[in-house]
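Engineer: Sharing a structure below in structure tokens format, with a few things to ask.
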Amino acid sequence: MATRIKLDVIAAAAHVSTPTVSKVLNGRPDVAPKTRRHIENVLKELGYTHRPPRPRRVGLIDLIFNDLSPWSTAIIRGAEEASLAARTRLAVSVIPTDAAVERWLSSVDRSRTDGVVLVTADLAPSHRERLAELQAPIVLVDPVTDPVADLPSIGAGNRAGAMAATEHLIALGHRRIATITGRLSALCSHQRLDGYRAALSRAGLPMDTSLIAEGDFRYESAHASAVAMLRLPDPPTAIFAACDQEAMGVYEAARRLGLRIPDDLSVVGFDDIPTTAWMSPPLTTVRQPLAEMAALAVRTVLNTGPASTGRRAELPTELVIRASTAPPRR
């Protein structure tokens, strides 16, 4: 009877029926998202805490991108292989705007999911609250900003990879080494820039700000930055690009200026997307274990409950040396 009285009190305060309150308390899916959030707020106001039972698995994991890039294929492949091994379907969505996020959240509220893998996502606090209401595990892959404390996240060794790339160029004899970063609003861009700086510092090389340009992970910005740096009175003999797409922009800048790679300019990228081995010359780059990161994210989703504490997993990168780097001309 005590439980019945509690339900009646909550229902009266929320101006809904007692069965509706019961559905929310028991984690039933057949409640409108707006009504569910309203009742949850009333529960908080009344000081009533509860943890509804986790819904049964529906055999579906959501893989969410805010944009598709050349390495998205590797992410999807790794997530799909892990999902198939677990006999779970994978739903891929691209939600580039707040409106798209809102539509997707409303859809998941109705259909349910066993877990969500967010790739390079930067969600607003209100959207993170809505995700928490799904009562399903959430894992971040390569988060744009510092990971949320209570969410597991999986990334790559960005700083170590950038250090390895820069140290490779130093070992070849380069002393004027430039870098084109990614968007500095992204966590990985800061980590790669830190690795570049650390390698120069360890080698006792001066830091020249004219050899550091901010890019946006795209061909066009890298091309413009490379042209500007290669026209300096004392231009770089090597450029470390924050991603392979940027490295392609550097290639085109060198071609337009009549420079040969690697005779006149050495270039290193980051990611190791499939096309890097087909470039002319093939690109030296830092391999991110993208498929492995995605597979680990899916396995984490399937083995992690909503009450689990956040943690960070960082997979190692690997320098793949090809024909785009060589000692500088004397």
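Note on naming: chains are A, B, ... as they come in the structure tokens, residues start from 1 per chain, ligands start from 1 in the order shown.
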May I have the residues within 9 Å of range 255-271 of chain A as a PyMOL selection string, using only C-alpha atoms and disregarding those fewer than 2 positions away in the same chain?
Structural biologist: chain A and resi 71+161-162+165-166+169+174+227+230-231+236-248+250-253+273+276+280-281+283-290+317+319+321+323-329
Engineer: Do a neighbour search on range 56-66 of chain A at 10 Å with only C-alpha atoms, toss out local chain neighbours closer than 4 positions, and write the hits as a count of residues only.
Structural biologist: 47
Engineer: Would you mind writing down, as a PyMOL selection string, each residue of range 69-241 of chain A that DSSP on the backbone assigns to alpha helix (DSSP H)?
Structural biologist: chain A and resi 72-85+98-111+125-132+158-171+187-202+219-230
Engineer: Measuring between only C-alpha atoms, which one of A:Leu7, A:Leu211, A:Ala85, A:Ala228 shows the shortest distance to Arg197 in chain A?
Structural biologist: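 For Arg197 in chain A, the nearest of the given residues is A:Leu211.
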Engineer: Could you pull out all residues of range 33-185 of chain A with a DSSP call of strand (DSSP E or B) and give them as an NGL selection string?
Structural biologist: :A and (60-65 or 89-94 or 115-119 or 138-141 or 153-156 or 177-181)
Engineer: What lies within 9 Å of Ala291 in chain A using only C-alpha atoms, ignoring chain neighbours under 4 positions off, as a ChimeraX atom specification?
Structural biologist: /A:73-79,81,295-296
Engineer: I want to know what sits within 8 Å of Ser225 in chain A, based on only C-alpha atoms, with residues of the same chain fewer than 5 positions away left out; could you give that as a list in words?
Structural biologist: Ile180, Ala213 and Gly215 of chain A
Engineer: Could the residues in this selection be written to a file with N, CA, C and O atoms, as an mmCIF file, in the first residue's frame?
Structural biologist:
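Writing done, so here's selection39.cif:
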data_model
loop_
_atom_site.group_PDB
_atom_site.id
_atom_site.type_symbol
_atom_site.label_atom_id
_atom_site.label_comp_id
_atom_site.auth_asym_id
_atom_site.auth_seq_id
_atom_site.Cartn_x
_atom_site.Cartn_y
_atom_site.Cartn_z
ATOM 1 N N ILE A 180 51.102 21.599 -39.710
ATOM 2 C CA ILE A 180 49.772 22.157 -39.951
ATOM 3 C C ILE A 180 48.831 21.372 -39.055
ATOM 4 O O ILE A 180 48.674 20.160 -39.217
ATOM 5 N N ALA A 213 50.960 26.325 -38.373
ATOM 6 C CA ALA A 213 49.739 26.884 -38.964
ATOM 7 C C ALA A 213 48.544 26.061 -38.503
ATOM 8 O O ALA A 213 48.611 24.827 -38.466
ATOM 9 N N GLY A 215 45.106 24.390 -39.135
ATOM 10 C CA GLY A 215 44.264 23.907 -40.219
ATOM 11 C C GLY A 215 42.912 23.482 -39.694
ATOM 12 O O GLY A 215 42.547 23.772 -38.551
#
Engineer: Set the distance at 12 Å and use only C-alpha atoms: which residues neighbour range 34-38 of chain A once local chain neighbours fewer than 6 positions away are removed? I'd like the list as a PyMOL selection string.
Structural biologist: chain A and resi 10-11+13-17+20-28+44-45+105-106+109-110+126+129-134
Engineer: Quick one: residues within 7 Å of range 182-192 of chain A, only C-alpha atoms counted, chain neighbours fewer than 3 positions away excluded, as a PyMOL selection string?
Structural biologist: chain A and resi 144-146+158-159+162+195-196+214-217+242
Engineer: Take the residues from that selection and put them in a file with all heavy atoms, as an mmCIF file, in the first residue's frame.
Structural biologist:
data_model
loop_
_atom_site.group_PDB
_atom_site.id
_atom_site.type_symbol
_atom_site.label_atom_id
_atom_site.label_comp_id
_atom_site.auth_asym_id
_atom_site.auth_seq_id
_atom_site.Cartn_x
_atom_site.Cartn_y
_atom_site.Cartn_z
ATOM 1 N N VAL A 144 35.852 15.071 -29.223
ATOM 2 C CA VAL A 144 36.368 16.358 -29.687
ATOM 3 C C VAL A 144 36.966 17.151 -28.544
ATOM 4 O O VAL A 144 38.010 17.788 -28.669
ATOM 5 C CB VAL A 144 35.241 17.166 -30.369
ATOM 6 C CG1 VAL A 144 35.715 18.580 -30.704
ATOM 7 C CG2 VAL A 144 34.783 16.451 -31.634
ATOM 8 N N THR A 145 36.298 17.128 -27.384
ATOM 9 C CA THR A 145 36.779 17.841 -26.210
ATOM 10 C C THR A 145 37.139 16.828 -25.129
ATOM 11 O O THR A 145 37.024 15.627 -25.332
ATOM 12 C CB THR A 145 35.706 18.806 -25.690
ATOM 13 O OG1 THR A 145 34.501 18.059 -25.413
ATOM 14 C CG2 THR A 145 35.389 19.871 -26.728
ATOM 15 N N ASP A 146 37.569 17.320 -23.966
ATOM 16 C CA ASP A 146 37.889 16.415 -22.867
ATOM 17 C C ASP A 146 36.679 15.539 -22.571
ATOM 18 O O ASP A 146 35.559 16.052 -22.446
ATOM 19 C CB ASP A 146 38.264 17.199 -21.605
ATOM 20 C CG ASP A 146 39.627 17.853 -21.739
ATOM 21 O OD1 ASP A 146 40.503 17.246 -22.385
ATOM 22 O OD2 ASP A 146 39.812 18.959 -21.214
ATOM 23 N N ASN A 158 47.653 10.134 -29.696
ATOM 24 C CA ASN A 158 47.915 11.263 -30.584
ATOM 25 C C ASN A 158 49.256 11.924 -30.298
ATOM 26 O O ASN A 158 50.028 12.222 -31.224
ATOM 27 C CB ASN A 158 46.794 12.301 -30.456
ATOM 28 C CG ASN A 158 45.485 11.820 -31.040
ATOM 29 O OD1 ASN A 158 45.385 11.540 -32.225
ATOM 30 N ND2 ASN A 158 44.477 11.703 -30.204
ATOM 31 N N ARG A 159 49.543 12.172 -29.041
ATOM 32 C CA ARG A 159 50.793 12.851 -28.693
ATOM 33 C C ARG A 159 52.000 11.986 -29.059
ATOM 34 O O ARG A 159 52.962 12.467 -29.671
ATOM 35 C CB ARG A 159 50.817 13.190 -27.201
ATOM 36 C CG ARG A 159 51.991 14.067 -26.771
ATOM 37 C CD ARG A 159 51.897 14.409 -25.286
ATOM 38 N NE ARG A 159 52.913 15.365 -24.901
ATOM 39 C CZ ARG A 159 54.164 15.053 -24.571
ATOM 40 N NH1 ARG A 159 54.551 13.775 -24.610
ATOM 41 N NH2 ARG A 159 55.038 15.986 -24.207
ATOM 42 N N ALA A 162 52.471 11.896 -32.879
ATOM 43 C CA ALA A 162 53.064 13.128 -33.408
ATOM 44 C C ALA A 162 54.545 13.219 -33.057
ATOM 45 O O ALA A 162 55.357 13.684 -33.868
ATOM 46 C CB ALA A 162 52.316 14.335 -32.867
ATOM 47 N N GLY A 195 52.857 16.847 -29.148
ATOM 48 C CA GLY A 195 53.864 15.859 -29.520
ATOM 49 C C GLY A 195 54.923 16.434 -30.441
ATOM 50 O O GLY A 195 56.118 16.141 -30.292
ATOM 51 N N TYR A 196 54.499 17.260 -31.381
ATOM 52 C CA TYR A 196 55.433 17.944 -32.290
ATOM 53 C C TYR A 196 56.386 18.829 -31.492
ATOM 54 O O TYR A 196 57.605 18.789 -31.680
ATOM 55 C CB TYR A 196 54.610 18.750 -33.293
ATOM 56 C CG TYR A 196 55.341 19.865 -34.001
ATOM 57 C CD1 TYR A 196 56.131 19.624 -35.121
ATOM 58 C CD2 TYR A 196 55.202 21.189 -33.565
ATOM 59 C CE1 TYR A 196 56.774 20.659 -35.791
ATOM 60 C CE2 TYR A 196 55.841 22.236 -34.220
ATOM 61 C CZ TYR A 196 56.631 21.965 -35.333
ATOM 62 O OH TYR A 196 57.264 22.997 -35.980
ATOM 63 N N GLU A 214 47.452 26.742 -38.175
ATOM 64 C CA GLU A 214 46.235 26.027 -37.792
ATOM 65 C C GLU A 214 45.440 25.654 -39.032
ATOM 66 O O GLU A 214 45.151 26.499 -39.879
ATOM 67 C CB GLU A 214 45.359 26.871 -36.863
ATOM 68 C CG GLU A 214 44.089 26.129 -36.429
ATOM 69 C CD GLU A 214 43.208 26.915 -35.481
ATOM 70 O OE1 GLU A 214 43.606 28.041 -35.100
ATOM 71 O OE2 GLU A 214 42.127 26.412 -35.126
ATOM 72 N N GLY A 215 45.106 24.390 -39.135
ATOM 73 C CA GLY A 215 44.264 23.907 -40.219
ATOM 74 C C GLY A 215 42.912 23.482 -39.694
ATOM 75 O O GLY A 215 42.547 23.772 -38.551
ATOM 76 N N ASP A 216 42.171 22.754 -40.523
ATOM 77 C CA ASP A 216 40.840 22.290 -40.112
ATOM 78 C C ASP A 216 40.588 20.851 -40.558
ATOM 79 O O ASP A 216 39.446 20.459 -40.770
ATOM 80 C CB ASP A 216 39.760 23.221 -40.669
ATOM 81 C CG ASP A 216 39.785 23.312 -42.193
ATOM 82 O OD1 ASP A 216 40.608 22.607 -42.822
ATOM 83 O OD2 ASP A 216 38.988 24.082 -42.760
ATOM 84 N N PHE A 217 41.681 20.074 -40.721
ATOM 85 C CA PHE A 217 41.606 18.684 -41.157
ATOM 86 C C PHE A 217 41.190 18.557 -42.621
ATOM 87 O O PHE A 217 40.843 17.472 -43.058
ATOM 88 C CB PHE A 217 40.638 17.865 -40.295
ATOM 89 C CG PHE A 217 41.021 17.779 -38.847
ATOM 90 C CD1 PHE A 217 40.221 18.352 -37.865
ATOM 91 C CD2 PHE A 217 42.179 17.123 -38.449
ATOM 92 C CE1 PHE A 217 40.570 18.275 -36.532
ATOM 93 C CE2 PHE A 217 42.532 17.042 -37.126
ATOM 94 C CZ PHE A 217 41.728 17.618 -36.160
ATOM 95 N N ALA A 242 48.495 17.271 -39.699
ATOM 96 C CA ALA A 242 47.716 16.642 -38.627
ATOM 97 C C ALA A 242 46.806 15.533 -39.116
ATOM 98 O O ALA A 242 46.252 14.792 -38.299
ATOM 99 C CB ALA A 242 46.885 17.695 -37.890
#
